[in-house]
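As provided, query.csv (CSV, C-alpha atoms) reads as follows.
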```csv
chain,number,residue,atom,x,y,z
W,1,MET,CA,-15.7,-20.3,-61.4
W,2,LEU,CA,-12.0,-20.1,-62.2
W,3,GLY,CA,-12.4,-22.8,-64.8
W,4,LYS,CA,-15.4,-21.0,-66.3
W,5,PHE,CA,-13.4,-17.8,-66.8
W,6,ARG,CA,-10.4,-19.8,-68.0
W,7,CYS,CA,-8.2,-18.6,-65.1
W,8,VAL,CA,-7.3,-22.3,-64.3
W,9,ASP,CA,-7.8,-25.1,-66.8
W,10,MET,CA,-9.7,-28.2,-65.5
W,11,LYS,CA,-6.6,-30.5,-65.7
W,12,SER,CA,-4.6,-28.2,-63.4
W,13,ALA,CA,-7.6,-27.9,-61.0
W,14,TYR,CA,-8.0,-31.7,-60.9
W,15,ASP,CA,-4.2,-32.3,-60.6
W,16,SER,CA,-4.1,-29.9,-57.5
W,17,ILE,CA,-6.6,-32.1,-55.6
W,18,HIS,CA,-4.6,-33.8,-52.8
W,19,MET,CA,-6.2,-37.3,-52.7
W,20,PRO,CA,-4.7,-38.4,-49.4
W,21,SER,CA,-6.4,-35.5,-47.7
W,22,ILE,CA,-9.7,-36.4,-49.2
W,23,VAL,CA,-9.3,-40.0,-48.2
W,24,LEU,CA,-8.4,-39.0,-44.7
W,25,ILE,CA,-11.4,-36.7,-44.4
W,26,VAL,CA,-13.8,-39.3,-45.8
W,27,GLY,CA,-12.2,-42.0,-43.6
W,28,MET,CA,-12.6,-40.0,-40.4
W,29,MET,CA,-16.2,-39.0,-40.9
W,30,PRO,CA,-17.6,-42.5,-40.1
W,31,PHE,CA,-15.5,-42.5,-36.9
W,32,SER,CA,-16.8,-39.1,-35.9
W,33,ILE,CA,-20.4,-40.2,-36.6
W,34,ALA,CA,-19.8,-43.4,-34.6
W,35,LEU,CA,-18.6,-41.3,-31.6
W,36,GLN,CA,-21.9,-39.3,-31.9
W,37,LYS,CA,-24.2,-42.4,-32.2
W,38,THR,CA,-22.5,-44.5,-29.5
W,39,GLY,CA,-22.6,-41.7,-26.9
W,40,GLY,CA,-18.9,-41.0,-27.0
W,41,VAL,CA,-19.5,-37.3,-27.8
W,42,ASP,CA,-22.1,-37.0,-25.1
W,43,LEU,CA,-19.7,-38.6,-22.5
W,44,THR,CA,-16.9,-36.3,-23.5
W,45,VAL,CA,-19.1,-33.3,-23.4
W,46,ARG,CA,-20.4,-34.3,-19.9
W,47,LEU,CA,-16.9,-34.8,-18.6
W,48,LEU,CA,-15.6,-31.5,-20.0
W,49,LEU,CA,-18.6,-29.5,-18.8
W,50,ASP,CA,-18.3,-31.0,-15.3
W,51,ALA,CA,-14.6,-30.0,-15.3
W,52,MET,CA,-15.4,-26.5,-16.5
W,53,GLN,CA,-18.5,-25.9,-14.4
W,54,GLY,CA,-18.8,-22.2,-13.5
W,55,LEU,CA,-16.0,-21.0,-15.8
W,56,ASP,CA,-16.2,-17.9,-17.9
W,57,VAL,CA,-16.9,-18.8,-21.6
W,58,HIS,CA,-13.4,-17.6,-22.6
W,59,PHE,CA,-12.0,-20.2,-20.3
W,60,VAL,CA,-14.2,-22.8,-21.9
W,61,LEU,CA,-12.8,-21.7,-25.3
W,62,ILE,CA,-9.3,-22.0,-23.9
W,63,VAL,CA,-10.0,-25.6,-22.7
W,64,LEU,CA,-11.5,-26.4,-26.1
W,65,PHE,CA,-8.4,-24.9,-27.8
W,66,VAL,CA,-6.0,-26.8,-25.6
W,67,VAL,CA,-7.8,-30.2,-26.0
W,68,THR,CA,-7.9,-29.7,-29.8
W,69,ALA,CA,-4.2,-28.7,-29.9
W,70,ILE,CA,-3.1,-31.7,-27.8
W,71,ILE,CA,-5.0,-34.1,-30.0
W,72,SER,CA,-3.6,-32.5,-33.2
W,73,ALA,CA,-0.1,-32.9,-31.8
W,74,PHE,CA,-0.5,-36.6,-32.2
W,75,ILE,CA,-2.9,-37.1,-35.2
W,76,SER,CA,-3.4,-35.0,-38.3
W,77,ASN,CA,-5.0,-31.6,-37.8
W,78,THR,CA,-7.8,-32.5,-40.3
W,79,ALA,CA,-8.7,-35.7,-38.4
W,80,THR,CA,-8.6,-33.7,-35.1
W,81,ALA,CA,-11.0,-31.1,-36.4
W,82,ILE,CA,-13.4,-33.8,-37.7
W,83,LEU,CA,-13.3,-35.6,-34.3
W,84,VAL,CA,-13.6,-32.5,-32.0
W,85,MET,CA,-16.1,-30.5,-34.0
W,86,PRO,CA,-19.2,-32.4,-32.8
W,87,ILE,CA,-17.9,-32.0,-29.2
W,88,ALA,CA,-17.6,-28.2,-29.7
W,89,ILE,CA,-21.1,-27.9,-31.1
W,90,ALA,CA,-22.5,-30.0,-28.3
W,91,ILE,CA,-20.7,-27.9,-25.6
W,92,ALA,CA,-22.0,-24.6,-27.2
W,93,ASN,CA,-25.6,-26.0,-27.3
W,94,GLN,CA,-25.4,-27.2,-23.7
W,95,LEU,CA,-24.2,-23.8,-22.6
W,96,GLY,CA,-26.7,-21.9,-24.7
W,97,TYR,CA,-24.2,-20.2,-27.0
W,98,SER,CA,-23.9,-20.0,-30.7
W,99,PRO,CA,-21.8,-22.9,-32.0
W,100,ALA,CA,-19.9,-20.5,-34.4
W,101,PRO,CA,-17.2,-19.3,-32.0
W,102,PHE,CA,-16.7,-22.8,-30.6
W,103,VAL,CA,-16.4,-24.4,-34.1
W,104,MET,CA,-14.0,-21.6,-35.2
W,105,THR,CA,-11.9,-22.2,-32.1
W,106,VAL,CA,-11.5,-25.9,-33.0
W,107,ALA,CA,-10.7,-24.9,-36.6
W,108,VAL,CA,-8.0,-22.5,-35.6
W,109,SER,CA,-6.6,-24.8,-32.9
W,110,ALA,CA,-6.4,-27.7,-35.3
W,111,SER,CA,-4.9,-25.5,-38.0
W,112,ALA,CA,-2.3,-24.2,-35.5
W,113,ALA,CA,-0.4,-27.5,-35.9
W,114,PHE,CA,3.0,-26.2,-34.9
W,115,MET,CA,3.9,-28.5,-32.0
W,116,THR,CA,5.0,-31.8,-33.6
W,117,PRO,CA,6.0,-33.0,-37.0
W,118,VAL,CA,3.0,-35.4,-37.2
W,119,SER,CA,0.4,-32.8,-36.7
W,120,SER,CA,0.6,-31.5,-40.3
W,121,PRO,CA,1.8,-32.9,-43.6
W,122,VAL,CA,3.8,-29.7,-44.1
W,123,ASN,CA,5.7,-30.3,-40.8
W,124,THR,CA,6.5,-33.8,-41.8
W,125,MET,CA,7.7,-32.7,-45.2
W,126,VAL,CA,10.3,-30.3,-43.8
W,127,LEU,CA,11.5,-32.6,-41.0
W,128,ALA,CA,14.1,-34.6,-42.8
W,129,PRO,CA,15.3,-32.1,-45.5
W,130,ALA,CA,15.9,-29.4,-42.9
W,131,GLY,CA,17.5,-31.8,-40.4
W,132,TYR,CA,15.0,-30.9,-37.7
W,133,LYS,CA,14.4,-33.1,-34.7
W,134,PHE,CA,11.1,-33.7,-33.0
W,135,ILE,CA,12.0,-31.4,-30.1
W,136,ASP,CA,12.7,-28.5,-32.5
W,137,PHE,CA,9.0,-28.5,-33.3
W,138,VAL,CA,8.1,-28.5,-29.6
W,139,LYS,CA,10.5,-25.7,-28.8
W,140,VAL,CA,9.1,-23.4,-31.5
W,141,GLY,CA,5.6,-24.8,-31.7
W,142,VAL,CA,4.4,-24.6,-28.1
W,143,PRO,CA,5.0,-20.8,-27.7
W,144,PHE,CA,3.4,-20.1,-31.1
W,145,THR,CA,0.4,-22.3,-30.1
W,146,VAL,CA,0.0,-20.4,-26.8
W,147,LEU,CA,0.2,-17.1,-28.7
W,148,VAL,CA,-2.4,-18.2,-31.2
W,149,MET,CA,-4.6,-19.5,-28.4
W,150,LEU,CA,-4.5,-16.2,-26.4
W,151,VAL,CA,-5.3,-14.2,-29.5
W,152,SER,CA,-8.0,-16.6,-30.7
W,153,VAL,CA,-10.1,-16.9,-27.6
W,154,PHE,CA,-10.6,-13.1,-27.5
W,155,VAL,CA,-10.7,-12.3,-31.2
W,156,ILE,CA,-13.0,-15.2,-32.3
W,157,PRO,CA,-15.9,-14.2,-30.1
W,158,MET,CA,-15.6,-10.7,-31.5
W,159,LEU,CA,-15.9,-11.9,-35.1
W,160,PHE,CA,-18.4,-14.7,-34.3
W,161,PRO,CA,-20.5,-13.5,-31.4
W,162,LEU,CA,-21.5,-15.9,-28.6
```
Spell out the structure here as structure tokens.
Amino acid sequence: MLGKFRCVDMKSAYDSIHMPSIVLIVGMMPFSIALQKTGGVDLTVRLLLDAMQGLDVHFVLIVLFVVTAIISAFISNTATAILVMPIAIAIANQLGYSPAPFVMTVAVSASAAFMTPVSSPVNTMVLAPAGYKFIDFVKVGVPFTVLVMLVSVFVIPMLFPL
């Protein structure tokens, strides 16, 4: 659309595509599909549901947020979202809820990549020039992540009904 109305020329649009991100997304999709086909997703869902048996749905969203945040602390947030999304959908289906709030919880949690320099390319880019240490991200990132989690697990179900 922007190209059609000449707001952005096609060369600028093409140059703005971040190829490493596209390669990462495309590269992680087969892994995610393999987890689904081999039963890895089902096993994970079973283990999580057994551990969360009888919990209120908000606590289930908290667990999903925490699991996603922990994984995204060690691998990229994009890869984390691709891996955890099928698990979130399966949990929602097993519990009889709409997958929308579960998927959005994963998206927000993976995007709230504040805890380590490896969780987001932006964090990695500022690490050396700013003279930050790994622990600096943990000190600031953990409280922010907890804050985002507390807000998310109550706001997301309002915006995307269960």
> Counting only C-alpha atoms, what is within 7 Å of Val103 (chain W), bar same-chain residues fewer than 3 positions away, as a list in words?
Replying inline: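 Listed by chain and then number, they are Met85, Ala88, Ile89, Pro99, Ala100, Val106 and Ala107 of chain W.
Using only C-alpha atoms for every distance, the candidate list W:Leu162, W:Leu64, W:Leu147, W:Met10 yields W:Leu64 as the residue closest to Thr105 (chain W).
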Using only C-alpha atoms, which residues sit within 9 Å of Phe160 (chain W) once same-chain residues fewer than 5 positions away are excluded, as a list in words?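 With the cut-off at 9 Å, the set is Ser98, Ala100, Pro101, Met104 and Val155 of chain W.
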Next on the checklist: When you count all atoms listed in the file, which of these residues is closest to Asp56 (chain W): W:Ala69, W:Ala81, W:Ile135, W:Val153?
Outcome noted: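 Selected residue with least distance to Asp56 (chain W): W:Val153.
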Correct to one decimal, the distance CA of Ser109 (chain W)-CA of Phe65 (chain W) is 5.4 Å
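Shortest atom-to-atom contact with Tyr132 (chain W) among W:Ser76, W:Leu159, W:Ala51, W:Thr116: W:Thr116, counting all atoms listed in the file.
Going from CA of Pro143 (chain W) over to CA of Phe74 (chain W), you cover 17.3 Å.
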Using only C-alpha atoms, which of W:Ala112, W:Ala130, W:Leu49, W:Val142 sits nearest Leu61 (chain W)?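 Ranking W:Ala112, W:Ala130, W:Leu49, W:Val142 by distance to Leu61 (chain W), first place goes to W:Leu49.
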- Query: In Å to one decimal, how far is CA of Val66 (chain W) from CA of Asp50 (chain W)?
  - Reply: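 That distance, rounded to one decimal, is 16.6 Å.
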Counting all atoms listed in the file, figure out which residue out of W:Val138, W:Pro86, W:Gln53, W:Gly131 gets nearest to Ala73 (chain W).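 Residue with the minimum atom-to-atom distance to Ala73 (chain W): W:Val138.
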_Residue nearest Leu95 (chain W) among W:Leu48, W:Met158, W:Val108, W:Val148 (counting only C-alpha atoms)_ =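 Nearest candidate to Leu95 (chain W) out of W:Leu48, W:Met158, W:Val108, W:Val148: W:Leu48.
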Excluding same-chain residues fewer than 6 positions from Lys133 (chain W), what lies within 12 Å of it counting all atoms listed in the file, as a PDB file with C-alpha atoms, in the frame of the given file?
```pdb
ATOM      1  CA  MET W 115       3.900 -28.500 -32.000  1.00  0.00           C
ATOM      2  CA  THR W 116       5.000 -31.800 -33.600  1.00  0.00           C
ATOM      3  CA  PRO W 117       6.000 -33.000 -37.000  1.00  0.00           C
ATOM      4  CA  VAL W 118       3.000 -35.400 -37.200  1.00  0.00           C
ATOM      5  CA  ASN W 123       5.700 -30.300 -40.800  1.00  0.00           C
ATOM      6  CA  THR W 124       6.500 -33.800 -41.800  1.00  0.00           C
ATOM      7  CA  VAL W 126      10.300 -30.300 -43.800  1.00  0.00           C
ATOM      8  CA  LEU W 127      11.500 -32.600 -41.000  1.00  0.00           C
ATOM      9  CA  LYS W 139      10.500 -25.700 -28.800  1.00  0.00           C
ATOM     10  CA  VAL W 140       9.100 -23.400 -31.500  1.00  0.00           C
TER      11      VAL W 140
END
```
